[in-house]
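> Before I ask anything, let me first share the structure, which is written out below as structure tokens.
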Amino acid sequence: MTDNGPAVIVAARRTPITVRGGGLSHLGAEQLAGPVVRECVTDAESATGQRAQVADVVLGNCMGPGGNIGRISALAAGLDSSVPGMSIDRQCGSGLSAIITAGEAIRAGDHRMRIAGGVESASTAPLRLIAGAPYTRAPFAPTGFPDPEMGPAAEALAQMFGISRAHQDDYARRSHQRALAAQRRQIFDAEIVSVDGVANDDGPRENVSRLLSRFVPLFADASGHADGTVTAGNSCRICDGAAAVAMVPRSARQGAPGLALVAASTIGCDPALPGIGPVAAVRRALHDANVSLSQISAIEIVEAFSAQTLAVLQSLDLADRHRVDPRVCADGGALALGHPWGASGAVSVVRLFSRLVRQDAPAGTLGLATAAIGGGMGVAAIFEVVR
């Protein structure tokens, strides 16, 4: 095989994102992913003017149902039975990791299209057992290592970085306000695939801004007192959804505009502070791409918690107590839209595609997607607009 150069995303779609138990709760993971995979293939064929020869469907997923959701979704999408599938579990980074994995295969020399992304049906995730007892999540670290739940880990970051409750609430308010504005401008319409009659995200809410101060702290602070700063209002909602992209070699895009994957990085960090993982991953991706953060025009970070997001943004000089860089989640993020774990990293890339390709950013414009990962990791990828 020969180096194809950077893989190019020529199509990017997602389902609506709905809260666990909400509008998509009756659908299994393959019923969410199948329509998105199918629509990506259709869009890619239209963009390139060529019939797609799909080499693989690579999907991230965290909570089941198992059985290789990549393959199951390929079949559910109506793709030929010769198209294989692969599933990736890198927790909240799964969808972005799937896209990076597909891009690496193309760069290594495969000239065929790949569909990559992620899916999560939190509503239909199976009950799981250890030694006959049910558990809500698998361990992210072995015995003897710190393995905090993500909420308390976000509270720890808030204490470490001095991020106040007011600052967290302000960031959550920003996410909702920007997502509501994007809905009003119909920004999301071109990226959403209607599934079983559901066509809109249910997360952005007009009343959140006035309710934020009423939410009670969920976790104790560092001293053990039950007066922490992380609340349900400044945390993401657990959701159902799927997102995917179609990737081809640069030589096969036939003039179709898209996003070229120019650099990516996945790096481990202290498992006691998993939310800070994106910092090292972003810095490494920037180094590998030989660009500075000032050259990035659009940034998408999976907003699991305001505290965690702000700790990362402050570390990268993208936020302080008085400002958030306007390049960050310009149309809102997971705090407003919701967090379908295995899909969220791919949702970030779909958002970059809309912000840069669909909104006619010039060739050479750069975008960044990043996510924190349970167990102490971060993943980041840099994309460049091609036309």
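To be explicit about the labels: the chains of the structure tokens are called A, B, and onward in the order shown, and within each one the residues are counted from 1, while ligands get numbers from 1 in the order they are shown.
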If you run DSSP on the backbone, which residues of range 301-365 of chain A are alpha helix (DSSP H), as an MDAnalysis selection string?
chainID A and resid 306:315 334:337 341:352
> Which residues of range 165-259 of chain A come within 10 Å of range 71-95 of chain A, and for each one, what is the closest pair of atoms and their distance in Å to one decimal, counting only C-alpha atoms, sorted by chain and residue number, as JSON lines?

```
{"residue": "A:Ala242", "atom": "CA", "partner": "A:Gly95", "partner_atom": "CA", "distance": 9.0}
{"residue": "A:Ala243", "atom": "CA", "partner": "A:Gly95", "partner_atom": "CA", "distance": 7.9}
{"residue": "A:Ala244", "atom": "CA", "partner": "A:Gly95", "partner_atom": "CA", "distance": 8.1}
```
> Hey, which bits of range 218-248 of chain A sit within 10 Å of range 197-211 of chain A, and for each residue what's the closest pair of atoms and how far apart in Å (one decimal), counting only C-alpha atoms, rows by chain and increasing number, as a tab-separated table?

```
residue	atom	partner	partner_atom	distance
A:Gly233	CA	A:Val208	CA	7.6
A:Asn234	CA	A:Val208	CA	9.9
A:Cys236	CA	A:Gly203	CA	9.3
A:Arg237	CA	A:Gly203	CA	8.0
A:Cys239	CA	A:Gly203	CA	9.1
A:Gly241	CA	A:Asp201	CA	9.7
```
> So that I can see what lies close to range 355-364 of chain A, please list as a PyMOL selection string the residues with an atom at most 8 Å from it, counting only C-alpha atoms and leaving out residues fewer than 3 positions away in the same chain.
chain A and resi 257-259+298+351-352+367+384-387
> I'd like to know which of A:Glu45, A:Asp147, A:Asp331, A:Glu303 is closest to Gly376 in chain A, using only C-alpha atoms.
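Counting only C-alpha atoms, the residue closest to Gly376 in chain A is A:Asp147.
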> Please determine, counting only C-alpha atoms, which residue among A:Val248, A:Leu24, A:Ala307, A:Leu212 has the shortest atom-to-atom distance to Ala156 in chain A.
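For Ala156 in chain A, the nearest of the candidates is A:Ala307.
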> Just to confirm, what's the straight-line distance from CA of Ile296 in chain A to CA of Leu366 in chain A in Å (one decimal)?
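About the pair CA of Ile296 in chain A and CA of Leu366 in chain A: they are 5.0 Å apart.
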> A:Ser251, A:Gln31, A:Gln295, A:Ser265: which is nearest Ala369 in chain A, counting only C-alpha atoms?
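For Ala369 in chain A, the nearest of the candidates is A:Ser265.
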> Can you pull out every residue within 12 Å of Ile163 in chain A, counting only C-alpha atoms, but drop anything in the same chain fewer than 4 positions away, and send it as a PyMOL selection string?
chain A and resi 154-159+167-171+228-230+305-314+319-322
> CA of Phe140 in chain A and CA of Val349 in chain A are how many Å apart?
24.9 Å
> Rank nothing, just name the residue among A:Asn4, A:Thr370, A:Thr231, A:Ser194 nearest to Ala280 in chain A, using only C-alpha atoms.
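Of A:Asn4, A:Thr370, A:Thr231, A:Ser194, the one nearest Ala280 in chain A, counting only C-alpha atoms, is A:Thr370.
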> Just want the 8 Å neighbourhood of Ala232 in chain A, counted on only C-alpha atoms, with same-chain residues fewer than 3 positions away dropped. Output as a ChimeraX atom specification.
/A:215-218,235-237
> Taking 5 positions as the minimum chain separation for residues in the same chain, which residues sit within 10 Å of range 342-348 of chain A when counting only C-alpha atoms? Answer as an MDAnalysis selection string.
chainID A and resid 12:15 17 33 59:64 88:99 116:122 191 239:245 299:304 329 333:334 337 353:354 368:372 379:380
> When DSSP is applied to the backbone of this structure, which of range 21-137 of chain A are assigned strand (DSSP E or B)? Write them out as a list of chain:residue names.
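Filtering range 21-137 of chain A down to strand (DSSP E or B) leaves A:Val54, A:Ala55, A:Asp56, A:Val57, A:Val58, A:Leu59, A:Gly60, A:Gly85, A:Met86, A:Ser87, A:Ile88, A:Arg90, A:Cys92, A:Met113, A:Arg114, A:Ile115, A:Ala116, A:Gly117, A:Gly118, A:Val119, A:Glu120, A:Ser121, A:Arg128, A:Leu129, A:Ile130, A:Ala133, A:Pro134, A:Tyr135.
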> What lies within 7 Å of Ala52 in chain A using only C-alpha atoms, ignoring chain neighbours under 2 positions off, as a list of chain:residue names?
A:Val41, A:Glu45, A:Gln50, A:Val54, A:Met113
> Quick one: write out the picked residues with N, CA, C and O atoms as an mmCIF file, in the first residue's frame?

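part_15.cif was written with the following content:
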```cif
data_model
loop_
_atom_site.group_PDB
_atom_site.id
_atom_site.type_symbol
_atom_site.label_atom_id
_atom_site.label_comp_id
_atom_site.auth_asym_id
_atom_site.auth_seq_id
_atom_site.Cartn_x
_atom_site.Cartn_y
_atom_site.Cartn_z
ATOM 1 N N VAL A 41 -23.536 7.524 3.377
ATOM 2 C CA VAL A 41 -23.177 6.918 2.089
ATOM 3 C C VAL A 41 -23.868 7.661 0.955
ATOM 4 O O VAL A 41 -23.251 7.996 -0.071
ATOM 5 N N GLU A 45 -21.906 9.758 -1.991
ATOM 6 C CA GLU A 45 -22.073 9.437 -3.411
ATOM 7 C C GLU A 45 -22.497 10.667 -4.190
ATOM 8 O O GLU A 45 -22.030 10.910 -5.308
ATOM 9 N N GLN A 50 -19.714 9.459 -7.415
ATOM 10 C CA GLN A 50 -19.298 8.075 -7.627
ATOM 11 C C GLN A 50 -20.051 7.141 -6.691
ATOM 12 O O GLN A 50 -20.371 7.516 -5.560
ATOM 13 N N VAL A 54 -17.722 0.776 0.075
ATOM 14 C CA VAL A 54 -17.453 0.954 1.498
ATOM 15 C C VAL A 54 -16.570 -0.183 1.991
ATOM 16 O O VAL A 54 -16.930 -1.359 1.886
ATOM 17 N N MET A 113 -13.875 3.962 0.560
ATOM 18 C CA MET A 113 -14.553 4.777 1.557
ATOM 19 C C MET A 113 -14.717 4.012 2.862
ATOM 20 O O MET A 113 -14.909 2.797 2.870
#
```
> Measure the distance from CA of Trp341 in chain A to CA of Val324 in chain A in Å and round it to one decimal.
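Computing the Euclidean distance for CA of Trp341 in chain A and CA of Val324 in chain A yields 24.3 Å.
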> So, counting only C-alpha atoms, which residue among A:Ala153, A:Ala252, A:Ile238, A:Ala181 is closest to Gly277 in chain A?
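Among A:Ala153, A:Ala252, A:Ile238, A:Ala181, it is A:Ala153 that comes nearest to Gly277 in chain A.
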